[in-house]
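Structure data follow from structure27.json (JSON, C-alpha atoms):
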```json
[["chain", "number", "residue", "atom", "x", "y", "z"],
["A", 30, "MET", "CA", 95.94, 149.86, 142.73],
["A", 31, "ASN", "CA", 96.38, 150.58, 139.01],
["A", 32, "ARG", "CA", 100.09, 149.80, 139.29],
["A", 33, "ILE", "CA", 99.30, 146.42, 140.83],
["A", 34, "LEU", "CA", 96.80, 145.60, 138.07],
["A", 35, "LEU", "CA", 99.31, 146.61, 135.40],
["A", 36, "ALA", "CA", 101.97, 144.39, 136.98],
["A", 37, "ILE", "CA", 99.78, 141.27, 137.03],
["A", 38, "PRO", "CA", 100.13, 140.45, 133.30],
["A", 39, "VAL", "CA", 103.93, 140.90, 133.49],
["A", 40, "LEU", "CA", 104.23, 138.66, 136.56],
["A", 41, "SER", "CA", 101.86, 136.15, 135.05],
["A", 42, "ALA", "CA", 103.90, 135.95, 131.84],
["A", 43, "ALA", "CA", 107.13, 135.51, 133.82],
["A", 44, "LEU", "CA", 105.66, 132.80, 136.05],
["A", 45, "TRP", "CA", 104.18, 130.89, 133.15],
["A", 46, "ALA", "CA", 107.13, 131.27, 130.78],
["A", 47, "GLN", "CA", 108.35, 127.85, 129.74],
["A", 48, "PRO", "CA", 111.63, 126.72, 128.22],
["A", 49, "LEU", "CA", 111.40, 126.39, 124.44],
["A", 50, "THR", "CA", 111.82, 122.93, 122.89],
["A", 51, "TYR", "CA", 113.63, 122.58, 119.56],
["A", 52, "THR", "CA", 114.23, 119.59, 117.32],
["A", 53, "ILE", "CA", 117.68, 119.26, 115.74],
["A", 54, "ASP", "CA", 117.37, 119.43, 111.96],
["A", 55, "PRO", "CA", 119.60, 116.66, 110.53],
["A", 56, "ALA", "CA", 119.51, 118.27, 107.06],
["A", 57, "HIS", "CA", 121.22, 121.38, 108.42],
["A", 58, "SER", "CA", 123.39, 119.92, 111.19],
["A", 59, "SER", "CA", 126.61, 117.93, 111.30],
["A", 60, "SER", "CA", 129.09, 116.48, 113.76],
["A", 61, "ASP", "CA", 132.68, 116.89, 112.60],
["A", 62, "PHE", "CA", 136.04, 115.69, 113.91],
["A", 63, "ALA", "CA", 139.72, 116.31, 113.27],
["A", 64, "VAL", "CA", 142.70, 114.15, 114.22],
["A", 65, "LYS", "CA", 146.40, 114.12, 113.38],
["A", 66, "HIS", "CA", 147.63, 111.63, 110.76],
["A", 67, "MET", "CA", 151.28, 110.50, 110.92],
["A", 68, "MET", "CA", 151.90, 113.54, 113.17],
["A", 69, "ILE", "CA", 152.15, 115.78, 110.10],
["A", 70, "SER", "CA", 148.65, 116.48, 108.80],
["A", 71, "THR", "CA", 145.09, 116.75, 110.10],
["A", 72, "VAL", "CA", 142.42, 114.44, 108.74],
["A", 73, "LYS", "CA", 138.88, 115.77, 109.00],
["A", 74, "GLY", "CA", 135.67, 113.80, 108.88],
["A", 75, "SER", "CA", 132.00, 114.17, 109.51],
["A", 76, "PHE", "CA", 128.95, 112.28, 110.70],
["A", 77, "SER", "CA", 126.16, 113.46, 108.42],
["A", 78, "LYS", "CA", 123.19, 112.33, 110.55],
["A", 79, "THR", "CA", 122.73, 114.16, 113.85],
["A", 80, "THR", "CA", 119.34, 114.21, 115.58],
["A", 81, "GLY", "CA", 118.00, 115.19, 118.97],
["A", 82, "THR", "CA", 116.17, 117.67, 121.15],
["A", 83, "ILE", "CA", 117.22, 120.95, 122.74],
["A", 84, "VAL", "CA", 115.28, 122.53, 125.61],
["A", 85, "TYR", "CA", 116.45, 126.11, 125.99],
["A", 86, "ASP", "CA", 115.63, 128.70, 128.63],
["A", 87, "GLU", "CA", 117.77, 131.78, 128.09],
["A", 88, "LYS", "CA", 116.81, 133.27, 131.47],
["A", 89, "ASN", "CA", 117.25, 130.05, 133.46],
["A", 90, "LEU", "CA", 120.02, 127.86, 132.07],
["A", 91, "SER", "CA", 119.41, 125.23, 134.76],
["A", 92, "ALA", "CA", 116.13, 124.45, 132.96],
["A", 93, "SER", "CA", 117.96, 123.86, 129.67],
["A", 94, "SER", "CA", 119.01, 120.49, 128.30],
["A", 95, "VAL", "CA", 120.16, 118.76, 125.14],
["A", 96, "GLU", "CA", 120.09, 115.15, 124.01],
["A", 97, "ALA", "CA", 121.71, 114.32, 120.69],
["A", 98, "THR", "CA", 122.27, 111.13, 118.75],
["A", 99, "ILE", "CA", 124.86, 110.80, 116.01],
["A", 100, "ASP", "CA", 124.56, 107.99, 113.48],
["A", 101, "ALA", "CA", 128.06, 106.45, 113.54],
["A", 102, "THR", "CA", 127.35, 104.63, 110.27],
["A", 103, "SER", "CA", 127.11, 108.02, 108.50],
["A", 104, "ILE", "CA", 130.84, 108.72, 108.96],
["A", 105, "THR", "CA", 132.64, 110.15, 105.95],
["A", 106, "THR", "CA", 136.20, 111.35, 105.39],
["A", 107, "ARG", "CA", 135.76, 111.38, 101.59],
["A", 108, "VAL", "CA", 137.95, 108.26, 101.29],
["A", 109, "ASP", "CA", 135.94, 105.01, 101.09],
["A", 110, "GLN", "CA", 138.77, 102.75, 102.28],
["A", 111, "ARG", "CA", 139.40, 104.92, 105.34],
["A", 112, "ASP", "CA", 135.66, 105.22, 106.07],
["A", 113, "ASN", "CA", 135.30, 101.44, 105.99],
["A", 114, "HIS", "CA", 138.26, 101.08, 108.36],
["A", 115, "LEU", "CA", 136.74, 103.64, 110.76],
["A", 116, "LYS", "CA", 133.46, 101.68, 110.74],
["A", 117, "SER", "CA", 135.29, 98.42, 111.51],
["A", 118, "PRO", "CA", 136.03, 96.88, 114.95],
["A", 119, "ASP", "CA", 139.44, 98.64, 114.84],
["A", 120, "PHE", "CA", 137.64, 101.93, 115.54],
["A", 121, "PHE", "CA", 133.91, 102.66, 115.93],
["A", 122, "ASP", "CA", 132.66, 99.09, 115.32],
["A", 123, "VAL", "CA", 129.39, 100.47, 113.96],
["A", 124, "ALA", "CA", 127.82, 97.03, 113.66],
["A", 125, "LYS", "CA", 127.99, 96.77, 117.45],
["A", 126, "PHE", "CA", 127.82, 100.49, 118.36],
["A", 127, "PRO", "CA", 125.76, 102.23, 115.65],
["A", 128, "THR", "CA", 125.26, 105.50, 117.56],
["A", 129, "ILE", "CA", 127.18, 108.13, 119.48],
["A", 130, "THR", "CA", 125.16, 110.04, 122.08],
["A", 131, "PHE", "CA", 125.44, 113.17, 124.19],
["A", 132, "LYS", "CA", 123.19, 113.99, 127.15],
["A", 133, "SER", "CA", 123.68, 117.25, 129.01],
["A", 134, "LYS", "CA", 123.88, 117.46, 132.80],
["A", 135, "GLN", "CA", 124.58, 121.16, 133.32],
["A", 136, "TRP", "CA", 124.43, 124.42, 131.36],
["A", 137, "TYR", "CA", 126.40, 127.39, 132.73],
["A", 138, "ARG", "CA", 128.23, 130.54, 131.76],
["A", 139, "GLU", "CA", 131.94, 130.96, 132.42],
["A", 140, "GLY", "CA", 133.57, 134.28, 131.58],
["A", 141, "GLY", "CA", 130.51, 135.16, 129.51],
["A", 142, "ALA", "CA", 130.80, 132.00, 127.39],
["A", 143, "LEU", "CA", 128.22, 129.22, 127.42],
["A", 144, "ARG", "CA", 129.41, 125.78, 128.54],
["A", 145, "ILE", "CA", 127.45, 122.55, 128.52],
["A", 146, "LYS", "CA", 128.66, 119.65, 130.68],
["A", 147, "GLY", "CA", 127.33, 116.21, 129.84],
["A", 148, "ASP", "CA", 127.90, 112.54, 129.12],
["A", 149, "LEU", "CA", 129.37, 111.58, 125.75],
["A", 150, "THR", "CA", 129.04, 107.91, 124.78],
["A", 151, "ILE", "CA", 131.27, 106.55, 122.01],
["A", 152, "HIS", "CA", 131.98, 102.89, 121.30],
["A", 153, "GLY", "CA", 129.89, 101.91, 124.33],
["A", 154, "VAL", "CA", 132.03, 104.01, 126.71],
["A", 155, "THR", "CA", 130.59, 107.04, 128.53],
["A", 156, "LYS", "CA", 132.76, 109.94, 129.70],
["A", 157, "GLU", "CA", 131.92, 113.41, 130.93],
["A", 158, "VAL", "CA", 132.93, 116.25, 128.59],
["A", 159, "VAL", "CA", 132.39, 120.00, 128.47],
["A", 160, "LEU", "CA", 131.21, 121.63, 125.26],
["A", 161, "ASP", "CA", 132.23, 125.22, 124.50],
["A", 162, "VAL", "CA", 129.21, 126.75, 122.79],
["A", 163, "ASP", "CA", 129.01, 129.64, 120.35],
["A", 164, "GLY", "CA", 125.31, 130.51, 120.44],
["A", 165, "PRO", "CA", 122.48, 129.80, 120.51],
["A", 166, "THR", "CA", 121.67, 132.46, 117.94],
["A", 167, "PRO", "CA", 118.53, 134.57, 118.21],
["A", 168, "GLU", "CA", 115.50, 132.87, 116.70],
["A", 169, "VAL", "CA", 114.82, 133.30, 113.00],
["A", 170, "LYS", "CA", 111.30, 132.69, 111.70],
["A", 171, "GLY", "CA", 111.03, 130.71, 108.48],
["A", 172, "MET", "CA", 110.67, 127.27, 106.93],
["A", 173, "GLY", "CA", 107.48, 126.64, 108.89],
["A", 174, "GLY", "CA", 108.74, 127.56, 112.35],
["A", 175, "ALA", "CA", 111.34, 129.30, 114.47],
["A", 176, "ARG", "CA", 114.98, 128.28, 114.18],
["A", 177, "ILE", "CA", 118.15, 128.69, 116.21],
["A", 178, "GLY", "CA", 121.73, 127.67, 115.54],
["A", 179, "ALA", "CA", 124.81, 126.92, 117.61],
["A", 180, "THR", "CA", 128.33, 125.57, 117.29],
["A", 181, "ALA", "CA", 129.75, 123.38, 120.06],
["A", 182, "THR", "CA", 133.36, 122.22, 120.33],
["A", 183, "THR", "CA", 135.37, 119.97, 122.62],
["A", 184, "LYS", "CA", 138.53, 117.86, 122.61],
["A", 185, "ILE", "CA", 138.77, 114.24, 123.71],
["A", 186, "ASN", "CA", 141.38, 111.52, 123.91],
["A", 187, "ARG", "CA", 140.03, 108.76, 121.66],
["A", 188, "LYS", "CA", 141.71, 106.09, 123.79],
["A", 189, "ASP", "CA", 139.47, 107.07, 126.72],
["A", 190, "PHE", "CA", 136.59, 105.70, 124.63],
["A", 191, "GLY", "CA", 138.28, 102.44, 123.66],
["A", 192, "LEU", "CA", 139.38, 103.65, 120.21],
["A", 193, "THR", "CA", 142.96, 102.49, 120.61],
["A", 194, "TRP", "CA", 144.01, 101.28, 117.14],
["A", 195, "SER", "CA", 147.15, 102.83, 115.70],
["A", 196, "ARG", "CA", 150.57, 101.87, 114.40],
["A", 197, "PRO", "CA", 153.98, 103.14, 115.40],
["A", 198, "LEU", "CA", 156.00, 105.08, 112.85],
["A", 199, "GLU", "CA", 159.50, 103.73, 113.28],
["A", 200, "ALA", "CA", 161.19, 106.33, 111.10],
["A", 201, "ALA", "CA", 159.49, 109.31, 112.77],
["A", 202, "GLY", "CA", 159.20, 107.82, 116.26],
["A", 203, "GLY", "CA", 155.52, 108.69, 116.37],
["A", 204, "VAL", "CA", 152.18, 107.06, 115.60],
["A", 205, "LEU", "CA", 149.94, 106.76, 112.57],
["A", 206, "VAL", "CA", 146.82, 108.15, 114.30],
["A", 207, "GLY", "CA", 146.90, 110.88, 116.95],
["A", 208, "ASP", "CA", 145.15, 110.46, 120.30],
["A", 209, "GLU", "CA", 143.58, 113.93, 120.59],
["A", 210, "VAL", "CA", 140.40, 114.46, 118.61],
["A", 211, "THR", "CA", 138.74, 117.84, 118.13],
["A", 212, "ILE", "CA", 134.96, 117.58, 117.85],
["A", 213, "THR", "CA", 132.80, 120.33, 116.33],
["A", 214, "ILE", "CA", 129.02, 120.07, 116.27],
["A", 215, "GLU", "CA", 127.11, 122.45, 114.01],
["A", 216, "VAL", "CA", 123.44, 122.49, 114.94],
["A", 217, "GLU", "CA", 120.33, 124.07, 113.46],
["A", 218, "ALA", "CA", 117.17, 123.34, 115.40],
["A", 219, "SER", "CA", 113.53, 124.30, 114.95],
["A", 220, "ARG", "CA", 110.26, 124.58, 116.83],
["A", 221, "LYS", "CA", 106.72, 125.09, 115.67],
["A", 222, "VAL", "CA", 105.21, 128.53, 116.24]]
```

Render the structure in this file as structure tokens.
Amino acid sequence: MNRILLAIPVLSAALWAQPLTYTIDPAHSSSDFAVKHMMISTVKGSFSKTTGTIVYDEKNLSASSVEATIDATSITTRVDQRDNHLKSPDFFDVAKFPTITFKSKQWYREGGALRIKGDLTIHGVTKEVVLDVDGPTPEVKGMGGARIGATATTKINRKDFGLTWSRPLEAAGGVLVGDEVTITIEVEASRKV
């Protein structure tokens, strides 16, 4: 009988355990990209405003989710002329499509690594992608709450999202802007405790 009574609090805690909800901290998060320029160098850029919500259940990944919004107008490559071109209708057309969004559909582990499958919407086009995730880190208490961090990466073909602008390089036989884009999302998220 004593064993049963001792087990009740443990079972009760397990049954009532809820996924933890975190808010992405835009001051400590960024969404970065890298793409080949003239087939010889890699241009890197960043969207400095990333917001959203992460619901995380370490014991039950099927109860986890993430929704993130990236402010496309916050793009920077440290070159004003290039940034303005990227914001134009030739690329992101931020006047018409001011945000990029990601909404998860499935969290799972593959070979010990965390993967998140979801819908990525860029330039009004939605495609399914898989994020390779390093993290989430263990919680750290501080700054008025509990915080976790993670890094997510994926590769896309920009043309799949309607970002088709480029120019041929006659001398090299290539193109000015590469098709493959590497995306890296650095996230710090917090919850109240």

Tell me, in Å to one decimal, how far atom CA of Lys73 of chain A is from atom CA of His57 of chain A.
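We find that atom CA of Lys73 of chain A and atom CA of His57 of chain A lie 18.5 Å from each other.
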
Of the candidates A:Ser133, A:Ser58, A:Thr166, A:Thr150, which shows the shortest atom-to-atom distance to Ile185 of chain A, using all atoms listed in the file?
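Among the listed residues, the smallest separation from Ile185 of chain A belongs to A:Thr150.
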
Using all atoms listed in the file, which protein or nucleic acid residues come within 12 Å of Tyr51 of chain A? Drop anything in the same chain fewer than 3 positions from it, and give the result as a list in words.
Pro48, Asp54, Thr80, Gly81, Thr82, Ile83, Val84, Tyr85, Asp86, Ser93, Ser94, Val95, Glu96, Ala97, Pro165, Glu168, Gly174, Ala175, Arg176, Ile177, Gly178, Val216, Glu217, Ala218, Ser219, Arg220, Lys221 and Val222 of chain A

My list of candidates is A:Met67, A:Ala142, A:Leu49, A:Ala101. Which is closest to Asn89 of chain A when distances are computed with only C-alpha atoms?
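Using only C-alpha atoms, Asn89 of chain A sits closest to A:Leu49.
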
Scan for residues within 10 Å of the point (129.3, 109.0, 110.0) in the coordinates of the file, using only C-alpha atoms, and reply as a PyMOL selection string.
chain A and resi 59-61+74-79+99-106+112+115-116+121+123+127-129

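If you look at atom CA of Val72 of chain A and atom CA of Ile212 of chain A, they are 12.2 Å away from each other.
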
Residues at most 9 Å from Trp136 of chain A, counting all atoms listed in the file, excluding those fewer than 5 positions away in the same chain, as an MDAnalysis selection string?
chainID A and resid 90:94 143:147

Point-to-point distance in Å for atom CA of Ile214 of chain A and atom CA of Leu149 of chain A
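Going from atom CA of Leu149 of chain A over to atom CA of Ile214 of chain A, I get 12.7 Å.
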
Residue among A:Phe120, A:Thr98, A:Gly153, A:Val162 lying closest to Lys132 of chain A, counting only C-alpha atoms
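With only C-alpha atoms as the atom set, the closest residue is A:Thr98.
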
Which of these residues is nearest to Thr213 of chain A, using all atoms listed in the file: A:Lys88, A:His66, A:Lys184, A:Lys170?
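Of all the options, A:Lys184 lies closest to Thr213 of chain A.
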
Assuming 4 Å of padding per side, give the centre and edge lengths of the axis-aligned box around every listed atom of segment 128-136 of chain A, in Å to one decimal and as JSON.
```
{"center_x": 125.2, "center_y": 115.0, "center_z": 125.4, "size_x": 12.0, "size_y": 26.9, "size_z": 23.8}
```
